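Asker: What follows is coords31.tsv; its format and atoms are TSV, C-alpha atoms and all ligand atoms.
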```tsv
chain	number	residue	atom	x	y	z
L	9	MET	CA	112.85	107.76	99.12
L	10	ILE	CA	112.83	105.90	102.44
L	11	VAL	CA	113.67	102.23	102.10
L	12	VAL	CA	112.85	99.84	104.91
L	13	GLU	CA	115.29	96.96	104.53
L	14	LYS	CA	114.05	93.35	104.52
L	15	ALA	CA	117.45	92.02	105.44
L	16	ASP	CA	120.36	93.10	107.58
L	17	THR	CA	122.63	94.71	105.00
L	18	ARG	CA	125.78	93.48	106.82
L	19	THR	CA	124.83	89.85	107.31
L	20	GLY	CA	122.16	89.35	104.62
L	21	HIS	CA	119.93	87.66	107.26
L	22	SER	CA	116.26	88.40	106.89
L	23	LEU	CA	114.81	90.60	109.60
L	24	THR	CA	112.34	89.38	112.21
L	25	ALA	CA	108.87	90.94	112.31
L	26	ALA	CA	109.88	92.85	115.45
L	27	GLU	CA	113.00	94.24	113.74
L	28	THR	CA	111.04	95.23	110.64
L	29	LEU	CA	108.38	97.00	112.72
L	30	GLN	CA	111.07	98.79	114.68
L	31	LEU	CA	112.73	100.04	111.47
L	32	ILE	CA	109.37	101.18	110.09
L	33	ALA	CA	108.57	103.00	113.33
L	34	GLN	CA	111.96	104.75	113.27
L	35	ALA	CA	111.50	105.75	109.62
L	36	THR	CA	108.12	107.38	110.33
L	37	THR	CA	109.64	109.72	112.91
L	38	THR	CA	111.80	111.46	110.29
L	39	CYS	CA	109.54	110.94	107.27
L	40	THR	CA	109.05	113.93	104.95
L	41	LEU	CA	107.41	112.06	102.07
L	42	CYS	CA	104.14	114.01	102.23
L	43	GLY	CA	102.95	117.38	103.49
L	44	LEU	CA	101.52	115.97	106.73
L	45	HIS	CA	104.98	115.94	108.30
L	46	THR	CA	105.03	119.74	108.53
L	47	GLY	CA	102.30	119.81	111.19
L	48	ARG	CA	103.23	116.80	113.26
L	49	VAL	CA	104.41	116.76	116.84
L	50	CYS	CA	104.93	112.98	116.77
L	51	ALA	CA	104.49	110.38	114.07
L	52	VAL	CA	102.24	107.53	115.20
L	53	PRO	CA	103.59	104.33	113.65
L	54	GLY	CA	101.24	101.99	115.54
L	55	GLU	CA	101.83	99.51	118.33
L	56	GLY	CA	101.24	95.95	119.37
L	57	PRO	CA	102.86	92.53	119.30
L	58	PRO	CA	104.76	91.69	116.09
L	59	ASP	CA	102.88	88.38	115.91
L	60	ALA	CA	99.41	89.79	116.65
L	61	LYS	CA	96.61	87.67	115.21
L	62	ILE	CA	94.34	90.70	114.91
L	63	MET	CA	95.39	94.03	113.40
L	64	LEU	CA	93.14	97.08	113.70
L	65	ILE	CA	93.60	99.90	111.20
L	66	GLY	CA	92.19	103.35	111.91
L	67	GLU	CA	92.32	106.47	109.81
L	68	GLY	CA	95.03	108.72	111.19
L	69	PRO	CA	96.25	110.25	114.43
L	70	GLY	CA	94.15	112.93	116.14
L	71	TYR	CA	95.25	115.61	118.59
L	72	HIS	CA	96.09	113.28	121.49
L	73	GLU	CA	97.81	110.68	119.33
L	74	ASP	CA	99.95	113.37	117.70
L	75	ARG	CA	101.05	114.59	121.16
L	76	GLN	CA	101.83	111.12	122.52
L	77	GLY	CA	103.02	109.24	119.42
L	78	ARG	CA	100.59	106.39	120.21
L	79	PRO	CA	97.45	105.29	118.33
L	80	PHE	CA	93.94	105.64	119.75
L	81	VAL	CA	94.74	107.30	123.07
L	82	GLY	CA	92.06	110.05	122.92
L	83	PRO	CA	88.28	109.69	123.30
L	84	SER	CA	87.99	107.27	120.33
L	85	GLY	CA	90.74	105.20	121.92
L	86	GLN	CA	88.95	105.02	125.27
L	87	PHE	CA	85.90	103.71	123.47
L	88	LEU	CA	88.04	101.30	121.44
L	89	ASP	CA	89.47	99.92	124.71
L	90	GLU	CA	85.91	99.36	125.95
L	91	LEU	CA	84.93	97.60	122.71
L	92	LEU	CA	87.96	95.32	122.93
L	93	ALA	CA	87.27	94.52	126.58
L	94	GLN	CA	83.61	93.74	125.84
L	95	ALA	CA	84.82	91.30	123.17
L	96	GLY	CA	87.15	89.63	125.68
L	97	LEU	CA	90.26	90.99	123.96
L	98	ARG	CA	93.13	92.87	125.55
L	99	ARG	CA	94.58	95.92	123.82
L	100	ALA	CA	98.04	94.44	124.40
L	101	GLU	CA	97.26	91.42	122.22
L	102	VAL	CA	96.23	93.31	119.05
L	103	PHE	CA	98.27	95.53	116.75
L	104	ILE	CA	96.74	98.99	116.30
L	105	GLY	CA	97.80	101.11	113.33
L	106	ASN	CA	96.49	103.78	111.02
L	107	VAL	CA	96.24	104.51	107.30
L	108	VAL	CA	98.37	107.65	107.70
L	109	LYS	CA	101.00	108.01	110.40
L	110	CYS	CA	100.87	111.80	110.84
L	111	ARG	CA	97.89	113.90	111.95
L	112	PRO	CA	96.02	115.66	109.15
L	113	PRO	CA	95.54	119.36	110.04
L	114	GLN	CA	92.32	119.98	112.03
L	115	ASN	CA	91.63	116.25	111.65
L	116	ARG	CA	90.65	116.71	108.00
L	117	ASP	CA	90.30	113.63	105.79
L	118	PRO	CA	93.63	112.23	104.59
L	119	GLN	CA	94.14	113.04	100.88
L	120	PRO	CA	94.63	110.35	98.19
L	121	ASP	CA	98.34	111.20	97.68
L	122	GLU	CA	98.99	111.10	101.45
L	123	ILE	CA	97.19	107.76	101.73
L	124	ALA	CA	99.05	106.26	98.76
L	125	THR	CA	102.47	107.36	100.00
L	126	CYS	CA	101.98	106.35	103.61
L	127	THR	CA	100.38	102.96	102.94
L	128	GLN	CA	102.93	101.91	100.34
L	129	THR	CA	105.84	103.03	102.46
L	130	TYR	CA	104.65	101.85	105.87
L	131	LEU	CA	101.25	100.22	106.35
L	132	TYR	CA	101.54	97.44	103.77
L	133	ARG	CA	104.98	96.55	105.10
L	134	GLN	CA	103.59	96.42	108.63
L	135	ILE	CA	100.85	94.05	107.46
L	136	GLU	CA	103.41	91.88	105.67
L	137	ALA	CA	105.64	91.73	108.77
L	138	ILE	CA	102.83	90.99	111.26
L	139	ASN	CA	100.91	88.70	108.91
L	140	PRO	CA	97.72	88.92	111.00
L	141	ARG	CA	94.95	86.38	110.52
L	142	VAL	CA	92.28	89.08	110.81
L	143	ILE	CA	92.40	92.73	109.77
L	144	VAL	CA	89.74	95.00	111.23
L	145	THR	CA	89.34	98.25	109.34
L	146	LEU	CA	87.94	101.10	111.41
L	147	GLY	CA	86.14	103.57	109.19
L	148	ARG	CA	85.86	104.00	105.44
L	149	PHE	CA	89.42	105.12	104.68
L	150	SER	CA	91.02	101.90	105.85
L	151	MET	CA	88.16	99.78	104.45
L	152	ASN	CA	88.56	101.40	101.02
L	153	LEU	CA	92.22	100.35	100.85
L	154	PHE	CA	91.02	96.75	100.55
L	155	LEU	CA	87.44	97.14	99.31
L	156	PRO	CA	87.40	100.24	97.10
L	157	GLY	CA	83.95	101.75	96.72
L	158	ALA	CA	82.34	99.53	99.38
L	159	LYS	CA	79.66	101.07	101.61
L	160	ILE	CA	80.46	100.57	105.27
L	161	SER	CA	76.82	100.84	106.34
L	162	ARG	CA	76.06	97.78	104.18
L	163	ILE	CA	78.99	95.51	104.95
L	164	HIS	CA	80.19	96.33	108.48
L	165	GLY	CA	80.87	93.24	110.56
L	166	GLN	CA	80.97	90.89	107.54
L	167	PRO	CA	84.25	88.99	107.13
L	168	HIS	CA	85.80	89.14	103.62
L	169	PRO	CA	88.56	86.70	102.64
L	170	ILE	CA	91.45	88.74	101.25
L	171	ALA	CA	94.95	87.46	100.50
L	172	GLY	CA	94.77	84.49	102.87
L	173	ARG	CA	93.24	86.36	105.79
L	174	LEU	CA	89.89	87.77	106.82
L	175	LEU	CA	89.13	91.45	106.55
L	176	VAL	CA	86.35	92.72	108.80
L	177	PRO	CA	85.16	96.26	108.04
L	178	MET	CA	83.80	98.14	111.05
L	179	LEU	CA	82.60	101.64	111.76
L	180	HIS	CA	85.16	104.01	113.22
L	181	PRO	CA	84.73	104.28	117.02
L	182	ALA	CA	84.31	108.06	116.58
L	183	ALA	CA	81.12	107.34	114.60
L	184	ALA	CA	79.52	106.09	117.84
L	185	LEU	CA	80.80	109.06	119.83
L	186	HIS	CA	79.18	111.46	117.33
L	187	GLN	CA	76.04	109.35	116.78
L	188	PRO	CA	75.19	107.15	119.79
L	189	GLN	CA	72.82	105.00	117.71
L	190	ASN	CA	75.96	103.49	116.14
L	191	ARG	CA	77.21	102.16	119.49
L	192	PRO	CA	75.25	98.85	119.48
L	193	LEU	CA	76.41	98.13	115.90
L	194	LEU	CA	80.05	98.55	116.86
L	195	GLU	CA	79.61	96.54	120.04
L	196	ALA	CA	77.98	93.66	118.17
L	197	ASP	CA	80.68	93.71	115.46
L	198	PHE	CA	83.49	93.63	118.02
L	199	GLN	CA	81.82	90.84	119.96
L	200	SER	CA	81.83	88.69	116.81
L	201	LEU	CA	85.63	88.98	116.51
L	202	PRO	CA	86.68	86.03	118.71
L	203	ALA	CA	84.43	83.67	116.71
L	204	ILE	CA	85.78	85.06	113.41
L	205	LEU	CA	89.36	84.53	114.61
L	206	ALA	CA	88.58	81.00	115.79
L	207	GLN	CA	87.03	80.22	112.40
L	208	VAL	CA	90.00	81.49	110.40
L	209	GLU	CA	92.37	79.54	112.64
L	210	ARG	CA	90.32	76.35	112.11
L	211	ASP	CA	90.30	76.94	108.33
L	212	GLN	CA	94.06	77.52	108.22
L	213	ALA	CA	94.74	74.40	110.33
L	214	ALA	CA	92.52	72.34	108.02
L	215	GLN	CA	94.33	73.69	104.95
L	216	ALA	CA	97.73	72.96	106.49
L	217	ALA	CA	96.64	69.39	107.30
L	218	GLN	CA	95.54	68.85	103.67
L	219	ALA	CA	98.63	70.35	102.06
L	220	PRO	CA	101.23	67.78	101.02
L	221	PRO	CA	104.30	67.86	103.26
L	222	THR	CA	106.88	70.08	101.58
L	223	GLN	CA	109.56	67.44	101.93
L	224	ARG	CA	108.65	63.96	103.12
L	225	GLU	CA	111.24	62.09	105.14
L	226	ASP	CA	111.74	59.40	102.52
L	227	ASP	CA	112.49	62.11	99.92
L	228	LEU	CA	115.37	63.51	101.95
L	229	PRO	CA	118.89	62.77	100.76
L	230	LEU	CA	120.68	60.16	102.90
L	231	GLU	CA	123.19	62.61	104.37
L	232	GLN	CA	120.29	64.76	105.72
L	233	LEU	CA	118.51	61.73	107.19
L	234	SER	CA	121.60	60.91	109.16
L	235	LEU	CA	121.15	64.20	111.01
L	236	PHE	CA	117.90	63.00	112.65
L	301	LIG	N1	91.37	108.00	115.11
L	301	LIG	C1	92.09	107.23	114.28
L	301	LIG	O1	91.65	106.87	113.19
L	301	LIG	N2	93.28	106.84	114.67
L	301	LIG	C2	93.80	107.16	115.86
L	301	LIG	O2	94.91	106.74	116.16
L	301	LIG	C3	93.02	107.97	116.71
L	301	LIG	C4	91.81	108.38	116.32
```
What would the structure in this file look like if it were written as C-alpha cells?
Ligand code: URA
Answerer:
Amino acid sequence: MIVVEKADTRTGHSLTAAETLQLIAQATTTCTLCGLHTGRVCAVPGEGPPDAKIMLIGEGPGYHEDRQGRPFVGPSGQFLDELLAQAGLRRAEVFIGNVVKCRPPQNRDPQPDEIATCTQTYLYRQIEAINPRVIVTLGRFSMNLFLPGAKISRIHGQPHPIAGRLLVPMLHPAAALHQPQNRPLLEADFQSLPAILAQVERDQAAQAAQAPPTQREDDLPLEQLSLF
C-alpha cells in the first residue's frame, strides 16, 4: 500500500500543500494499485497551484494526456481552455485533476474498483491539501463521487454545498465535442463560475466574522501578552 505522509518523518513537521501534492504526484508515477498501470505511458496526477480556489475534476487521462503526463491537453483540453478563458479564468489559476490518474484502455469507463482505489489514495488527499472553495466536476464519474445517483442533465451548473465548499457539476467538455448542442450549456455554466466563487468567498468571510475569536487577547496568559 502506498502511503502519502502528512508530516516529514524526520522532523515531524506537517507538510505544506505544495509538498503534499508533490509527494502524491511522485507516488502516482510508480503506482501499481490497480490494473490501469499496465497500459500507462505516464500517470497524470493533475496540475495547478497548491492554493487554487477552484479545482476541476475530469474523468481520466486520454491518449494525449497519457503521452504527456498532463491533464486535458488533447481536444477536450483545448475546449476546456476556451471555456475557462470565456469565463475570465486562466488555466494557471485553477487546479485540474482527474478521478483516475492512469488512462483506461481505449478510453473505456473507469471501473468501480479503479475509481475507489485511485480516489482514496490520491484524489481525496489532493482535495484535502488544496482545500479549494469550489470543486467543478466534469462529467458523471466525478459528479457521482460527491452526488451518487445524481443526473447531470438535471443539475449541471447548480452549486451544491458539500463539506464547507461548493460543488458545481458540469458536463464533460467532450460532451460538447460529440454533441455540439451541449456547447452553450457548458459555456453558460462556466461563465457562472466567477459569481459562484465570489459568493462562496463572501459567505466564508461572513462566517469568519461571526465566529468567536479562538483566543481573545484578554484570555491570553500574561507571559504570552508580554510577547506583543
Ligand atoms: N478527459 C478527462 O476526463 N481528463 C483528461 O485529463 C482529459 C480528457
Asker: Of the candidates L:Cys50, L:Leu44, L:Ile65, L:Leu193, which shows the shortest atom-to-atom distance to ligand LIG 301 (chain L), using all atoms listed in the file?
Answerer: L:Ile65
Asker: So, counting only C-alpha atoms, which residue among L:Pro169, L:Asn152, L:Leu146, L:Leu201 is closest to Ser84 in chain L?
Answerer: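 Among L:Pro169, L:Asn152, L:Leu146, L:Leu201, it is L:Leu146 that comes nearest to Ser84 in chain L.
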Asker: Name each residue within 9 Å of ligand LIG 301 (chain L), counting only C-alpha atoms and all ligand atoms, as an MDAnalysis selection string.
Answerer: chainID L and resid 52 54 65:74 78:85 104:109 111 115 146:147 149:150 180:182
Asker: Please list as a short mmCIF file (atom, residue, chain, number, x, y, z; two decimals) with C-alpha atoms, in the frame of the given file every residue within 12 Å of Ala183 in chain L, counting all atoms listed in the file and excluding residues in the same chain fewer than 5 positions away.
Answerer:
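selection32.cif written:
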```cif
data_model
loop_
_atom_site.label_atom_id
_atom_site.label_comp_id
_atom_site.auth_asym_id
_atom_site.auth_seq_id
_atom_site.Cartn_x
_atom_site.Cartn_y
_atom_site.Cartn_z
CA PRO L 83 88.28 109.69 123.30
CA SER L 84 87.99 107.27 120.33
CA PHE L 87 85.90 103.71 123.47
CA LEU L 88 88.04 101.30 121.44
CA LEU L 146 87.94 101.10 111.41
CA GLY L 147 86.14 103.57 109.19
CA ARG L 148 85.86 104.00 105.44
CA ILE L 160 80.46 100.57 105.27
CA SER L 161 76.82 100.84 106.34
CA MET L 178 83.80 98.14 111.05
CA PRO L 188 75.19 107.15 119.79
CA GLN L 189 72.82 105.00 117.71
CA ASN L 190 75.96 103.49 116.14
CA ARG L 191 77.21 102.16 119.49
CA PRO L 192 75.25 98.85 119.48
CA LEU L 193 76.41 98.13 115.90
CA LEU L 194 80.05 98.55 116.86
#
```
Asker: Taking into account all atoms listed in the file, which residue in the set L:Leu92, L:Ile170, L:Leu97, L:Leu205 is nearest to Leu153 in chain L?
Answerer: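 Checking each candidate against Leu153 in chain L, we get L:Ile170 as the closest.
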Asker: To one decimal in Å, tell me the separation between CA of Glu209 in chain L and CA of Ser22 in chain L.
Answerer: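 If I compute the distance from CA of Glu209 in chain L to CA of Ser22 in chain L, I get 26.1 Å.
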Asker: Could you work out how far CA of His45 in chain L lies from CA of Glu122 in chain L, giving the answer in Å with one decimal?
Answerer: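 Distance between the two atoms: 10.3 Å.
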Asker: Calculated over all atoms listed in the file, which of the candidates L:Val49, L:Pro113, L:Arg99, L:Ile138 has the smallest distance to Ala25 in chain L?
Answerer: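 Distance minimum relative to Ala25 in chain L lands on L:Ile138.
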Asker: For CA of Thr145 in chain L and CA of Pro118 in chain L, determine how far apart the two atoms are, in Å to one decimal place.
Answerer: 15.4 Å
Asker: With all atoms listed in the file as the atoms that count, which of L:Gly172, L:His164, L:Ile135, L:Tyr130 lies nearest to Gln215 in chain L?
Answerer: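 For Gln215 in chain L, the nearest of the candidates is L:Gly172.
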Asker: Show me, as lines of an AutoDock Vina configuration file, the centre and edge lengths in Å to one decimal of the axis-aligned box that covers every listed atom of range 60-76 of chain L with 5 Å on each side.
Answerer:
```
center_x = 97.0
center_y = 101.6
center_z = 116.2
size_x = 19.6
size_y = 37.9
size_z = 22.7
```
Asker: Please identify all polymer residues within 8 Å of Leu174 in chain L, counting all atoms listed in the file, omitting same-chain residues fewer than 6 positions from it, and present them as a PyMOL selection string.
Answerer: chain L and resi 141-143+167-168+208
Asker: What residues have an atom no more than 7 Å from (104.5, 91.2, 116.2) in the file's own frame, counting all atoms listed in the file, and can you write them as an NGL selection string?
Answerer: :L and (25-26 or 56-60 or 138)
